[in-house]
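**Q** Dropping a structure here in structure tokens format, bear with me for questions.
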Amino acid sequence: MNDVTILLPAARRRLPQRRASTTFELNFWGQSFAVGIGYYPDGLIGEVFVSAHKIGGQTEVLAWDAAILISIALQFGAPLETIQHALTRGERGEPLSLAAAVVGLIMEVRS
């Protein structure tokens with residue numbers, strides 16, 4: 001008889017309509033970005049917003065998509081450390097992508 005393992009999908013933890021948030025500035029790729037962080041009532045980070053100060057273009061779209069992916073991962077319970085470890089870094093540990101820079105900023109302000 002074969003043992004079968006069934007993996008159940010993780011549940012997404014929804015944020016309340018009203019929540020605490022903070023905003024930070026991030027300079028990356030020679031550009032300025034506003035990074036917003038939304039919190040669950042227990043203080044855990046549950047969402048990220050990233051917007052480029054230079055409106056329009058591919059950089060702004062990359063910023064939005066990076067924030068959405070980070071937020072969804074957090075809402076499904078991925079630890080921030082795991083997300084950070086999965087993102088691309090250079091030989092000296094510097095972030096090579098906007099997503100890696102955003103997660104690095106969140107790690108700094110969280111501690």
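Chain labels follow the order of the structure tokens: the first chain is A, the next B, and so on; residue numbering restarts at 1 in every chain, and ligands are counted from 1 in their shown order.
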Could you pull out the residues in chain A that DSSP calls strand (DSSP E or B) from the backbone, as a PyMOL selection string?

**A** chain A and resi 21-28+31-39+45-52+89+95

**Q** Set the distance at 9 Å and use only C-alpha atoms: which residues neighbour stretch 80-86 of chain A once local chain neighbours fewer than 3 positions away are removed? I'd like the list as a list in words.

**A**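 Close residues of stretch 80-86 of chain A: Ile45, Ile70, Ala73, Leu74, Gly77, Arg89, Ala99, Ala100, Val103, Gly104, Ile106 and Met107 of chain A.
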
**Q** Please return as an MDAnalysis selection string: the residues of chain A that backbone DSSP assigns to helix (DSSP H, G or I).

**A** chainID A and resid 58:75 80:86 98:110

**Q** Can you work out which one of A:Gly57, A:Gln75, A:Leu96, A:Glu25 has the shortest atom-to-atom distance to A:Ala11, counting only C-alpha atoms?

**A**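 That would be A:Gln75, the residue with the smallest distance to A:Ala11.
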
**Q** Skipping near chain neighbours, those fewer than 2 positions away, what residues fall within 12 Å of A:Trp29 using only C-alpha atoms, listed as a list in words?

**A**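 Once the nearby chain positions are removed, what remains is Leu26, Asn27, Gln31, Ser32, Phe33, Ala52, Thr59, Ala63, Pro95, Leu96, Ser97, Leu98, Ala99 and Ala101 of chain A.
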
**Q** Export N, CA, C and O atoms of the chosen residues as a JSON list (two decimals), in the first residue's frame?

**A**
[["chain", "number", "residue", "atom", "x", "y", "z"],
["A", 26, "LEU", "N", 13.45, 55.04, -0.21],
["A", 26, "LEU", "CA", 14.48, 54.09, -0.64],
["A", 26, "LEU", "C", 15.11, 54.63, -1.91],
["A", 26, "LEU", "O", 14.40, 55.02, -2.84],
["A", 27, "ASN", "N", 16.43, 54.69, -1.94],
["A", 27, "ASN", "CA", 17.15, 55.06, -3.15],
["A", 27, "ASN", "C", 17.80, 53.81, -3.71],
["A", 27, "ASN", "O", 18.57, 53.13, -3.03],
["A", 31, "GLN", "N", 17.37, 56.04, -8.36],
["A", 31, "GLN", "CA", 16.03, 56.61, -8.29],
["A", 31, "GLN", "C", 15.50, 56.55, -6.86],
["A", 31, "GLN", "O", 15.92, 55.72, -6.07],
["A", 32, "SER", "N", 14.54, 57.42, -6.59],
["A", 32, "SER", "CA", 13.89, 57.43, -5.28],
["A", 32, "SER", "C", 12.57, 56.69, -5.35],
["A", 32, "SER", "O", 11.82, 56.84, -6.32],
["A", 33, "PHE", "N", 12.30, 55.91, -4.32],
["A", 33, "PHE", "CA", 11.05, 55.17, -4.20],
["A", 33, "PHE", "C", 10.46, 55.43, -2.82],
["A", 33, "PHE", "O", 11.18, 55.60, -1.85],
["A", 52, "ALA", "N", 7.40, 54.68, -7.45],
["A", 52, "ALA", "CA", 8.52, 55.46, -7.94],
["A", 52, "ALA", "C", 8.11, 56.93, -7.95],
["A", 52, "ALA", "O", 6.96, 57.26, -8.22],
["A", 59, "THR", "N", 10.03, 51.09, -14.62],
["A", 59, "THR", "CA", 10.50, 51.04, -13.24],
["A", 59, "THR", "C", 9.34, 51.09, -12.27],
["A", 59, "THR", "O", 9.32, 50.36, -11.27],
["A", 63, "ALA", "N", 8.22, 48.23, -9.58],
["A", 63, "ALA", "CA", 8.03, 48.57, -8.17],
["A", 63, "ALA", "C", 6.69, 48.04, -7.67],
["A", 63, "ALA", "O", 6.61, 47.41, -6.61],
["A", 95, "PRO", "N", 21.80, 44.14, -2.64],
["A", 95, "PRO", "CA", 20.64, 43.74, -3.45],
["A", 95, "PRO", "C", 20.86, 44.08, -4.92],
["A", 95, "PRO", "O", 21.37, 45.14, -5.26],
["A", 96, "LEU", "N", 20.47, 43.14, -5.78],
["A", 96, "LEU", "CA", 20.61, 43.37, -7.22],
["A", 96, "LEU", "C", 19.28, 43.67, -7.89],
["A", 96, "LEU", "O", 19.25, 44.02, -9.07],
["A", 97, "SER", "N", 18.19, 43.54, -7.15],
["A", 97, "SER", "CA", 16.87, 43.83, -7.69],
["A", 97, "SER", "C", 16.14, 44.79, -6.76],
["A", 97, "SER", "O", 16.50, 44.92, -5.58],
["A", 98, "LEU", "N", 15.13, 45.42, -7.29],
["A", 98, "LEU", "CA", 14.32, 46.32, -6.47],
["A", 98, "LEU", "C", 13.64, 45.55, -5.35],
["A", 98, "LEU", "O", 13.59, 46.02, -4.21],
["A", 99, "ALA", "N", 13.14, 44.36, -5.64],
["A", 99, "ALA", "CA", 12.48, 43.55, -4.61],
["A", 99, "ALA", "C", 13.46, 43.26, -3.46],
["A", 99, "ALA", "O", 13.10, 43.36, -2.29],
["A", 101, "ALA", "N", 16.06, 45.02, -2.59],
["A", 101, "ALA", "CA", 16.32, 46.27, -1.89],
["A", 101, "ALA", "C", 15.17, 46.61, -0.94],
["A", 101, "ALA", "O", 15.39, 47.06, 0.18]]

**Q** Using only C-alpha atoms, I'd like a table of the residues in stretch 28-66 of chain A that come within 12 Å of stretch 13-20 of chain A; for each, show the closest atom pair and its distance in Å rounded to one decimal, ordered by chain and ascending number, as a Markdown table.

**A**
| residue | atom | partner | partner_atom | distance |
| --- | --- | --- | --- | --- |
| A:Gly36 | CA | A:Ala20 | CA | 10.5 |
| A:Ile37 | CA | A:Ala20 | CA | 8.5 |
| A:Gly38 | CA | A:Ala20 | CA | 5.9 |
| A:Tyr39 | CA | A:Ala20 | CA | 5.5 |
| A:Tyr40 | CA | A:Leu15 | CA | 6.1 |
| A:Pro41 | CA | A:Arg19 | CA | 7.0 |
| A:Asp42 | CA | A:Ala20 | CA | 10.3 |
| A:Gly43 | CA | A:Ala20 | CA | 8.6 |
| A:Leu44 | CA | A:Ala20 | CA | 10.4 |
| A:Ile45 | CA | A:Leu15 | CA | 9.7 |
| A:Gly46 | CA | A:Leu15 | CA | 6.8 |
| A:Glu47 | CA | A:Leu15 | CA | 8.2 |
| A:Val48 | CA | A:Leu15 | CA | 11.8 |

**Q** Now that the selection is made, can you save its residues with all heavy atoms as a JSON list (two decimals), in the first residue's frame?

**A**
[["chain", "number", "residue", "atom", "x", "y", "z"],
["A", 36, "GLY", "N", 5.82, 51.86, 1.45],
["A", 36, "GLY", "CA", 4.84, 51.83, 2.53],
["A", 36, "GLY", "C", 4.72, 50.43, 3.08],
["A", 36, "GLY", "O", 4.77, 49.45, 2.33],
["A", 37, "ILE", "N", 4.60, 50.33, 4.39],
["A", 37, "ILE", "CA", 4.47, 49.03, 5.05],
["A", 37, "ILE", "C", 3.19, 49.07, 5.88],
["A", 37, "ILE", "O", 3.00, 49.97, 6.70],
["A", 37, "ILE", "CB", 5.68, 48.74, 5.96],
["A", 37, "ILE", "CG1", 6.98, 48.77, 5.15],
["A", 37, "ILE", "CG2", 5.51, 47.41, 6.68],
["A", 37, "ILE", "CD1", 8.23, 48.73, 6.02],
["A", 38, "GLY", "N", 2.31, 48.09, 5.66],
["A", 38, "GLY", "CA", 1.08, 47.97, 6.43],
["A", 38, "GLY", "C", 1.19, 46.82, 7.43],
["A", 38, "GLY", "O", 1.79, 45.79, 7.14],
["A", 39, "TYR", "N", 0.60, 47.03, 8.60],
["A", 39, "TYR", "CA", 0.74, 46.07, 9.70],
["A", 39, "TYR", "C", -0.59, 45.44, 10.10],
["A", 39, "TYR", "O", -1.63, 46.09, 10.07],
["A", 39, "TYR", "CB", 1.33, 46.78, 10.93],
["A", 39, "TYR", "CG", 2.68, 47.37, 10.69],
["A", 39, "TYR", "CD1", 2.82, 48.69, 10.25],
["A", 39, "TYR", "CD2", 3.83, 46.64, 10.91],
["A", 39, "TYR", "CE1", 4.07, 49.25, 10.02],
["A", 39, "TYR", "CE2", 5.09, 47.19, 10.69],
["A", 39, "TYR", "CZ", 5.19, 48.49, 10.24],
["A", 39, "TYR", "OH", 6.43, 49.04, 10.02],
["A", 40, "TYR", "N", -0.52, 44.19, 10.51],
["A", 40, "TYR", "CA", -1.64, 43.53, 11.16],
["A", 40, "TYR", "C", -1.77, 44.12, 12.56],
["A", 40, "TYR", "O", -0.82, 44.71, 13.10],
["A", 40, "TYR", "CB", -1.38, 42.03, 11.29],
["A", 40, "TYR", "CG", -1.44, 41.27, 9.98],
["A", 40, "TYR", "CD1", -0.28, 40.82, 9.36],
["A", 40, "TYR", "CD2", -2.67, 40.99, 9.38],
["A", 40, "TYR", "CE1", -0.34, 40.11, 8.17],
["A", 40, "TYR", "CE2", -2.73, 40.28, 8.18],
["A", 40, "TYR", "CZ", -1.57, 39.85, 7.59],
["A", 40, "TYR", "OH", -1.63, 39.16, 6.42],
["A", 41, "PRO", "N", -2.92, 43.95, 13.21],
["A", 41, "PRO", "CA", -3.07, 44.46, 14.58],
["A", 41, "PRO", "C", -2.03, 43.92, 15.56],
["A", 41, "PRO", "O", -1.68, 44.59, 16.52],
["A", 41, "PRO", "CB", -4.48, 43.99, 14.98],
["A", 41, "PRO", "CG", -5.21, 43.88, 13.68],
["A", 41, "PRO", "CD", -4.18, 43.40, 12.69],
["A", 42, "ASP", "N", -1.48, 42.70, 15.30],
["A", 42, "ASP", "CA", -0.47, 42.14, 16.20],
["A", 42, "ASP", "C", 0.94, 42.65, 15.90],
["A", 42, "ASP", "O", 1.91, 42.22, 16.51],
["A", 42, "ASP", "CB", -0.50, 40.61, 16.16],
["A", 42, "ASP", "CG", -0.19, 40.02, 14.79],
["A", 42, "ASP", "OD1", 0.20, 40.78, 13.88],
["A", 42, "ASP", "OD2", -0.33, 38.79, 14.64],
["A", 43, "GLY", "N", 1.07, 43.57, 14.93],
["A", 43, "GLY", "CA", 2.37, 44.17, 14.64],
["A", 43, "GLY", "C", 3.15, 43.51, 13.51],
["A", 43, "GLY", "O", 4.18, 44.04, 13.09],
["A", 44, "LEU", "N", 2.69, 42.37, 13.02],
["A", 44, "LEU", "CA", 3.39, 41.73, 11.90],
["A", 44, "LEU", "C", 3.13, 42.51, 10.61],
["A", 44, "LEU", "O", 2.07, 43.09, 10.43],
["A", 44, "LEU", "CB", 2.91, 40.29, 11.72],
["A", 44, "LEU", "CG", 3.34, 39.30, 12.79],
["A", 44, "LEU", "CD1", 2.71, 37.94, 12.54],
["A", 44, "LEU", "CD2", 4.85, 39.19, 12.84],
["A", 45, "ILE", "N", 4.12, 42.48, 9.73],
["A", 45, "ILE", "CA", 3.99, 43.16, 8.44],
["A", 45, "ILE", "C", 3.13, 42.31, 7.52],
["A", 45, "ILE", "O", 3.36, 41.11, 7.38],
["A", 45, "ILE", "CB", 5.38, 43.41, 7.82],
["A", 45, "ILE", "CG1", 6.19, 44.33, 8.72],
["A", 45, "ILE", "CG2", 5.24, 43.99, 6.41],
["A", 45, "ILE", "CD1", 7.65, 44.43, 8.35],
["A", 46, "GLY", "N", 2.15, 42.95, 6.87],
["A", 46, "GLY", "CA", 1.25, 42.20, 6.01],
["A", 46, "GLY", "C", 1.14, 42.72, 4.60],
["A", 46, "GLY", "O", 0.55, 42.06, 3.75],
["A", 47, "GLU", "N", 1.67, 43.90, 4.36],
["A", 47, "GLU", "CA", 1.60, 44.42, 2.99],
["A", 47, "GLU", "C", 2.72, 45.43, 2.76],
["A", 47, "GLU", "O", 3.23, 46.03, 3.69],
["A", 47, "GLU", "CB", 0.25, 45.06, 2.70],
["A", 47, "GLU", "CG", 0.00, 46.33, 3.47],
["A", 47, "GLU", "CD", -1.37, 46.93, 3.21],
["A", 47, "GLU", "OE1", -2.04, 46.52, 2.25],
["A", 47, "GLU", "OE2", -1.76, 47.80, 3.98],
["A", 48, "VAL", "N", 3.05, 45.56, 1.51],
["A", 48, "VAL", "CA", 4.10, 46.49, 1.09],
["A", 48, "VAL", "C", 3.61, 47.23, -0.14],
["A", 48, "VAL", "O", 3.00, 46.64, -1.03],
["A", 48, "VAL", "CB", 5.41, 45.72, 0.76],
["A", 48, "VAL", "CG1", 6.49, 46.67, 0.27],
["A", 48, "VAL", "CG2", 5.90, 44.94, 1.97]]

**Q** Can you work out the spacing between atom CA of A:Val109 and atom CA of A:Ala67 in Å, to one decimal?

**A** 16.3 Å

**Q** What does the distance between atom CA of A:Phe76 and atom CA of A:Ile6 come to in Å, to one decimal place?

**A**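 Distance between the two atoms: 18.3 Å.
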
**Q** Which residue gives the smallest distance to A:Ser51 among A:Glu94, A:Ala34, A:Thr22, A:Val102, with only C-alpha atoms counted?

**A**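 With only C-alpha atoms as the atom set, the closest residue is A:Ala34.
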
**Q** For A:Ala10, which of A:Glu91, A:Ile72, A:Arg110, A:Ala66 is the closest residue, counting only C-alpha atoms?

**A**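 When distances to A:Ala10 are compared using only C-alpha atoms, the smallest one comes from A:Ile72.
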